Amino acid sequence: MKVIVAENREIASQEGAKIIIDQVKNNPETILGLATGTTPIDLYNNMVKDHKENGTDYSKVKSYNLDEYVGLDGTHPQSYYCFMFEHLFNHININPENVHVPVGKGDLQAACNAYNDALKQNQVDIQLLGIGSNGHIGFNEPGTPADSVTHVVDLKESTIKDNARLFFNGDEDAVPKQAVSMGIANIMNAKKVLLLAFGEGKAKAVKGMLEGEVTPELPASILQNHPDVTVIVDKAAASLLEKQY
Ligand code: F6R
């Protein structure tokens with residue numbers, strides 16, 4: 001894995017955005033795998049800025065998001081569908097018909113099957129990831145098997161707490177207890193992976209991902225088996241690393 005320890009979050013986000021922008025410039029029909037959460041917000045801001053200043057063209061780009069809360073549809077302000085339009089899709093020239101976010105309402109098994117089929121037909125060129133403080137990627141919580149595909153997930157208490165703090169005004173009861181998430185196998189099928197992590201709260205997960213054993217107990221550790229991963233962290237997230245990068 002290529003590891004970049006950036007001076008700070010701002011620089012890390014600029015470097016991450018540059019990787020995605022270059023990918024889209026090199027292949028205007030790029031298929032992006034996208035993430036939500038606090039981590040990619042600055043990266044998306046940089047993509048928007050670049051689109052406005054340099055006109056990077058997203059008209060032929062497709063996107064597949066990692067996950068969605070069960071019970072929230074695109075009209076709910078905390079849905080990941082809404083998040084993506086607010087932070088990225090409304091501000092670049094991507095065709096709304098080309099964006100895909102897992103469906104968290106209705107017949108969930110049918111929705112998961114349809115998402116897996118779509119991902120089979122559309123191999124992601126570059127998958128953007130954050131990492132949970134417990135090492136999850138997407139909403140694949142500790143214990144998720146490596147061969148998992150899009151599925152319904154019971155969120156761990158720590159994830160509910162993290163997300164309540166960041167997005168639901170601290171109200172844990174308001175956070176859905178389940179999500180639909182791409183599985184580990186879907187993520188590993190991407191041609192390239194770009195993972196960002198910021199802050200002290202991620203340091204333990206980052207250490208396990210990069211320097212620990214590969215284990216389902218720390219889902220991100222499986223990325224050690226992927227041939228093309230770039231990890232960009234700030235100094236705080238890198239603070240427990242022992243090797244030099
Ligand atoms: C988001 C996702 C999650 C987050 C992770 C980190 O689509 O799949 O794995 O990347 O929970 O969240 P933040 O960035 O809010 O710390």
# chains A, B, ... in the order shown; residues from 1 in each chain; ligands from 1
$ residues_around --residues "Gln244 in chain A" --least-positions-apart "3" --cutoff "12 Å" --atoms "only C-alpha atoms" --output "PyMOL selection string"
chain A and resi 2-5+210-211+238-241
$ residues_around --residues "Thr230 in chain A" --least-positions-apart "2" --cutoff "12 Å" --atoms "only C-alpha atoms" --output "PyMOL selection string"
chain A and resi 1-5+12+15-16+19-20+126-130+191-197+210+223-224+226-228+232-233+245
$ select_by_dssp --residues "range 51-243 of chain A" --states "alpha helix (DSSP H)" --output "ChimeraX atom specification"
/A:51-54,80-87,108-121,157-167,184-188,203-211
$ residues_near_ligand --ligand "ligand 1" --cutoff "6 Å" --atoms "only C-alpha atoms and all ligand atoms" --output "count of residues only"
15
$ atom_distance --atom1 "CA of Pro102 in chain A" --atom2 "CA of Val175 in chain A"
17.3 Å
$ atom_distance --atom1 "CA of Asp117 in chain A" --atom2 "CA of Tyr81 in chain A"
19.6 Å
$ closest_residue --among "A:Asp173, A:Glu29, A:Glu157, A:Glu7" --to "Asn95 in chain A" --atoms "only C-alpha atoms"
A:Glu29
$ atom_distance --atom1 "CA of Lys235 in chain A" --atom2 "CA of Met209 in chain A"
15.9 Å
$ residues_around --residues "Lys62 in chain A" --least-positions-apart "3" --cutoff "7 Å" --atoms "only C-alpha atoms" --output "tab-separated table (two decimals) with all heavy atoms, in the first residue's frame"
chain	number	residue	atom	x	y	z
A	30	THR	N	-14.92	7.39	-16.35
A	30	THR	CA	-14.55	6.75	-15.08
A	30	THR	C	-15.78	6.35	-14.27
A	30	THR	O	-16.79	7.06	-14.26
A	30	THR	CB	-13.69	7.75	-14.25
A	30	THR	OG1	-12.41	7.84	-14.85
A	30	THR	CG2	-13.52	7.29	-12.81
A	31	ILE	N	-15.65	5.21	-13.59
A	31	ILE	CA	-16.67	4.80	-12.62
A	31	ILE	C	-16.07	5.03	-11.23
A	31	ILE	O	-15.08	4.41	-10.86
A	31	ILE	CB	-17.07	3.34	-12.83
A	31	ILE	CG1	-17.60	3.16	-14.26
A	31	ILE	CG2	-18.13	2.93	-11.79
A	31	ILE	CD1	-18.08	1.76	-14.60
A	32	LEU	N	-16.69	5.96	-10.52
A	32	LEU	CA	-16.20	6.31	-9.18
A	32	LEU	C	-16.97	5.53	-8.12
A	32	LEU	O	-18.20	5.40	-8.21
A	32	LEU	CB	-16.42	7.81	-8.91
A	32	LEU	CG	-15.69	8.82	-9.79
A	32	LEU	CD1	-16.16	10.23	-9.46
A	32	LEU	CD2	-14.19	8.69	-9.59
A	98	ASN	N	-26.68	8.98	-13.69
A	98	ASN	CA	-25.47	8.15	-13.57
A	98	ASN	C	-25.01	7.94	-12.14
A	98	ASN	O	-23.98	7.33	-11.91
A	98	ASN	CB	-24.32	8.78	-14.37
A	98	ASN	CG	-24.53	8.64	-15.85
A	98	ASN	OD1	-25.36	7.84	-16.29
A	98	ASN	ND2	-23.79	9.42	-16.63
A	99	VAL	N	-25.75	8.52	-11.18
A	99	VAL	CA	-25.32	8.34	-9.80
A	99	VAL	C	-26.17	7.26	-9.13
A	99	VAL	O	-27.36	7.13	-9.39
A	99	VAL	CB	-25.37	9.66	-8.97
A	99	VAL	CG1	-24.68	10.78	-9.71
A	99	VAL	CG2	-26.76	10.04	-8.55
$ select_by_dssp --residues "range 22-242 of chain A" --states "strand (DSSP E or B)" --output "MDAnalysis selection string"
chainID A and resid 31:34 62:65 67:69 99:100 126:129 137 140 151:154 178:181 192:197 229:233
$ write_last_selection --atoms "N, CA, C and O atoms" --output "compact mmCIF listing (two decimals), in the first residue's frame"
# COMPACT_ATOMS: atom_id res chain seq x y z
N ILE A 31 -15.65 5.21 -13.59
CA ILE A 31 -16.67 4.80 -12.62
C ILE A 31 -16.07 5.03 -11.23
O ILE A 31 -15.08 4.41 -10.86
N LEU A 32 -16.69 5.96 -10.52
CA LEU A 32 -16.20 6.31 -9.18
C LEU A 32 -16.97 5.53 -8.12
O LEU A 32 -18.20 5.40 -8.21
N GLY A 33 -16.26 5.05 -7.11
CA GLY A 33 -16.92 4.52 -5.91
C GLY A 33 -16.79 5.60 -4.84
O GLY A 33 -15.67 6.05 -4.57
N LEU A 34 -17.89 6.04 -4.29
CA LEU A 34 -17.84 7.21 -3.41
C LEU A 34 -18.28 6.88 -1.99
O LEU A 34 -19.03 5.93 -1.75
N LYS A 62 -19.76 7.81 -14.03
CA LYS A 62 -20.80 7.14 -13.23
C LYS A 62 -20.30 7.04 -11.80
O LYS A 62 -19.08 6.97 -11.57
N SER A 63 -21.22 6.97 -10.85
CA SER A 63 -20.77 6.79 -9.47
C SER A 63 -21.63 5.76 -8.75
O SER A 63 -22.83 5.64 -9.02
N TYR A 64 -20.99 5.05 -7.86
CA TYR A 64 -21.66 4.08 -6.98
C TYR A 64 -21.23 4.37 -5.55
O TYR A 64 -20.03 4.32 -5.23
N ASN A 65 -22.18 4.71 -4.70
CA ASN A 65 -21.84 4.98 -3.30
C ASN A 65 -21.77 3.69 -2.50
O ASN A 65 -22.38 2.67 -2.85
N ASP A 67 -22.85 3.13 0.71
CA ASP A 67 -23.86 2.71 1.69
C ASP A 67 -24.99 3.71 1.87
O ASP A 67 -24.92 4.85 1.39
N GLU A 68 -26.01 3.25 2.55
CA GLU A 68 -27.17 4.09 2.89
C GLU A 68 -27.81 3.55 4.15
O GLU A 68 -27.77 2.34 4.42
N TYR A 69 -28.37 4.43 4.95
CA TYR A 69 -29.10 3.99 6.14
C TYR A 69 -30.40 3.30 5.76
O TYR A 69 -31.09 3.75 4.84
N VAL A 99 -25.75 8.52 -11.18
CA VAL A 99 -25.32 8.34 -9.80
C VAL A 99 -26.17 7.26 -9.13
O VAL A 99 -27.36 7.13 -9.39
N HIS A 100 -25.49 6.47 -8.31
CA HIS A 100 -26.15 5.33 -7.67
C HIS A 100 -25.79 5.30 -6.19
O HIS A 100 -24.62 5.37 -5.83
N ILE A 126 -12.03 3.71 -9.31
CA ILE A 126 -11.36 4.17 -8.09
C ILE A 126 -12.39 4.29 -6.97
O ILE A 126 -13.40 4.96 -7.13
N GLN A 127 -12.12 3.58 -5.89
CA GLN A 127 -13.04 3.54 -4.75
C GLN A 127 -12.48 4.42 -3.64
O GLN A 127 -11.40 4.16 -3.12
N LEU A 128 -13.24 5.45 -3.29
CA LEU A 128 -12.87 6.32 -2.18
C LEU A 128 -13.42 5.73 -0.88
O LEU A 128 -14.59 5.34 -0.82
N LEU A 129 -12.58 5.70 0.16
CA LEU A 129 -13.02 5.16 1.45
C LEU A 129 -12.60 6.07 2.59
O LEU A 129 -11.54 6.69 2.55
N ILE A 137 -14.92 -0.46 6.89
CA ILE A 137 -14.91 0.22 5.59
C ILE A 137 -16.29 0.01 4.98
O ILE A 137 -16.86 -1.07 5.09
N ASN A 140 -19.08 -2.16 6.68
CA ASN A 140 -18.69 -3.53 6.99
C ASN A 140 -18.01 -3.53 8.34
O ASN A 140 -16.82 -3.20 8.47
N HIS A 151 -25.14 -5.90 1.33
CA HIS A 151 -25.99 -6.58 2.32
C HIS A 151 -26.50 -5.60 3.36
O HIS A 151 -26.02 -4.46 3.45
N VAL A 152 -27.47 -6.08 4.15
CA VAL A 152 -28.00 -5.27 5.25
C VAL A 152 -27.12 -5.52 6.47
O VAL A 152 -26.77 -6.65 6.79
N VAL A 153 -26.75 -4.43 7.13
CA VAL A 153 -25.80 -4.49 8.24
C VAL A 153 -26.45 -3.98 9.52
O VAL A 153 -27.17 -2.98 9.48
N ASP A 154 -26.19 -4.65 10.64
CA ASP A 154 -26.54 -4.09 11.94
C ASP A 154 -25.37 -3.22 12.38
O ASP A 154 -24.26 -3.73 12.53
N GLN A 178 -29.57 0.17 11.30
CA GLN A 178 -29.12 -0.69 10.21
C GLN A 178 -28.75 0.16 8.99
O GLN A 178 -29.20 1.31 8.85
N ALA A 179 -27.95 -0.44 8.13
CA ALA A 179 -27.60 0.23 6.87
C ALA A 179 -27.51 -0.84 5.79
O ALA A 179 -27.41 -2.04 6.08
N VAL A 180 -27.57 -0.39 4.54
CA VAL A 180 -27.25 -1.26 3.41
C VAL A 180 -25.85 -0.86 2.97
O VAL A 180 -25.57 0.34 2.81
N SER A 181 -24.96 -1.82 2.84
CA SER A 181 -23.58 -1.49 2.49
C SER A 181 -23.04 -2.42 1.42
O SER A 181 -23.31 -3.62 1.44
N LYS A 192 -8.75 0.52 -8.19
CA LYS A 192 -7.88 1.27 -7.27
C LYS A 192 -8.69 1.64 -6.05
O LYS A 192 -9.90 1.87 -6.15
N VAL A 193 -8.00 1.79 -4.93
CA VAL A 193 -8.65 2.23 -3.69
C VAL A 193 -7.89 3.44 -3.16
O VAL A 193 -6.65 3.46 -3.16
N LEU A 194 -8.64 4.45 -2.73
CA LEU A 194 -8.06 5.64 -2.10
C LEU A 194 -8.73 5.81 -0.75
O LEU A 194 -9.94 6.02 -0.68
N LEU A 195 -7.97 5.63 0.33
CA LEU A 195 -8.55 5.73 1.67
C LEU A 195 -7.95 6.93 2.40
O LEU A 195 -6.74 7.12 2.42
N LEU A 196 -8.83 7.73 2.99
CA LEU A 196 -8.40 8.90 3.76
C LEU A 196 -8.77 8.69 5.23
O LEU A 196 -9.84 8.12 5.52
N ALA A 197 -7.92 9.18 6.13
CA ALA A 197 -8.24 9.11 7.56
C ALA A 197 -7.62 10.30 8.28
O ALA A 197 -6.45 10.61 8.07
N VAL A 229 -3.61 0.35 -3.60
CA VAL A 229 -4.25 1.15 -2.55
C VAL A 229 -3.37 2.35 -2.22
O VAL A 229 -2.16 2.20 -2.02
N THR A 230 -3.97 3.52 -2.15
CA THR A 230 -3.27 4.71 -1.63
C THR A 230 -3.99 5.14 -0.36
O THR A 230 -5.22 5.28 -0.36
N VAL A 231 -3.24 5.33 0.70
CA VAL A 231 -3.79 5.78 1.98
C VAL A 231 -3.22 7.17 2.25
O VAL A 231 -2.00 7.35 2.22
N ILE A 232 -4.09 8.14 2.48
CA ILE A 232 -3.61 9.49 2.82
C ILE A 232 -4.13 9.82 4.22
O ILE A 232 -5.34 9.82 4.45
N VAL A 233 -3.20 10.08 5.13
CA VAL A 233 -3.58 10.37 6.51
C VAL A 233 -2.94 11.69 6.96
O VAL A 233 -1.93 12.12 6.40
$ residues_around --residues "Gln109 in chain A" --least-positions-apart "2" --cutoff "10 Å" --atoms "only C-alpha atoms" --output "PyMOL selection string"
chain A and resi 104+106-107+111-115+150-152+180
$ write_last_selection --atoms "C-alpha atoms" --output "short mmCIF file (atom, residue, chain, number, x, y, z; two decimals), in the first residue's frame"
data_model
loop_
_atom_site.label_atom_id
_atom_site.label_comp_id
_atom_site.auth_asym_id
_atom_site.auth_seq_id
_atom_site.Cartn_x
_atom_site.Cartn_y
_atom_site.Cartn_z
CA GLY A 104 -32.44 1.67 2.14
CA GLY A 106 -38.68 -1.18 0.54
CA ASP A 107 -37.58 -4.70 -0.43
CA ALA A 111 -32.30 -3.73 -3.66
CA CYS A 112 -29.05 -5.43 -2.54
CA ASN A 113 -29.26 -7.93 -5.41
CA ALA A 114 -29.82 -5.16 -7.94
CA TYR A 115 -26.85 -3.20 -6.56
CA THR A 150 -23.98 -5.71 -0.77
CA HIS A 151 -25.99 -6.58 2.32
CA VAL A 152 -28.00 -5.27 5.25
CA VAL A 180 -27.25 -1.26 3.41
#
$ residues_around --residues "His91 in chain A" --least-positions-apart "4" --cutoff "10 Å" --atoms "only C-alpha atoms" --output "list in words"
Tyr44, Asn45, Met47, Val48, Lys49, His51, Lys52, Phe85, Glu86 and His87 of chain A
$ residues_around --residues "Gly212 in chain A" --least-positions-apart "4" --cutoff "12 Å" --atoms "only C-alpha atoms" --output "NGL selection string"
:A and (135 or 204-208 or 216-224 or 240-243)
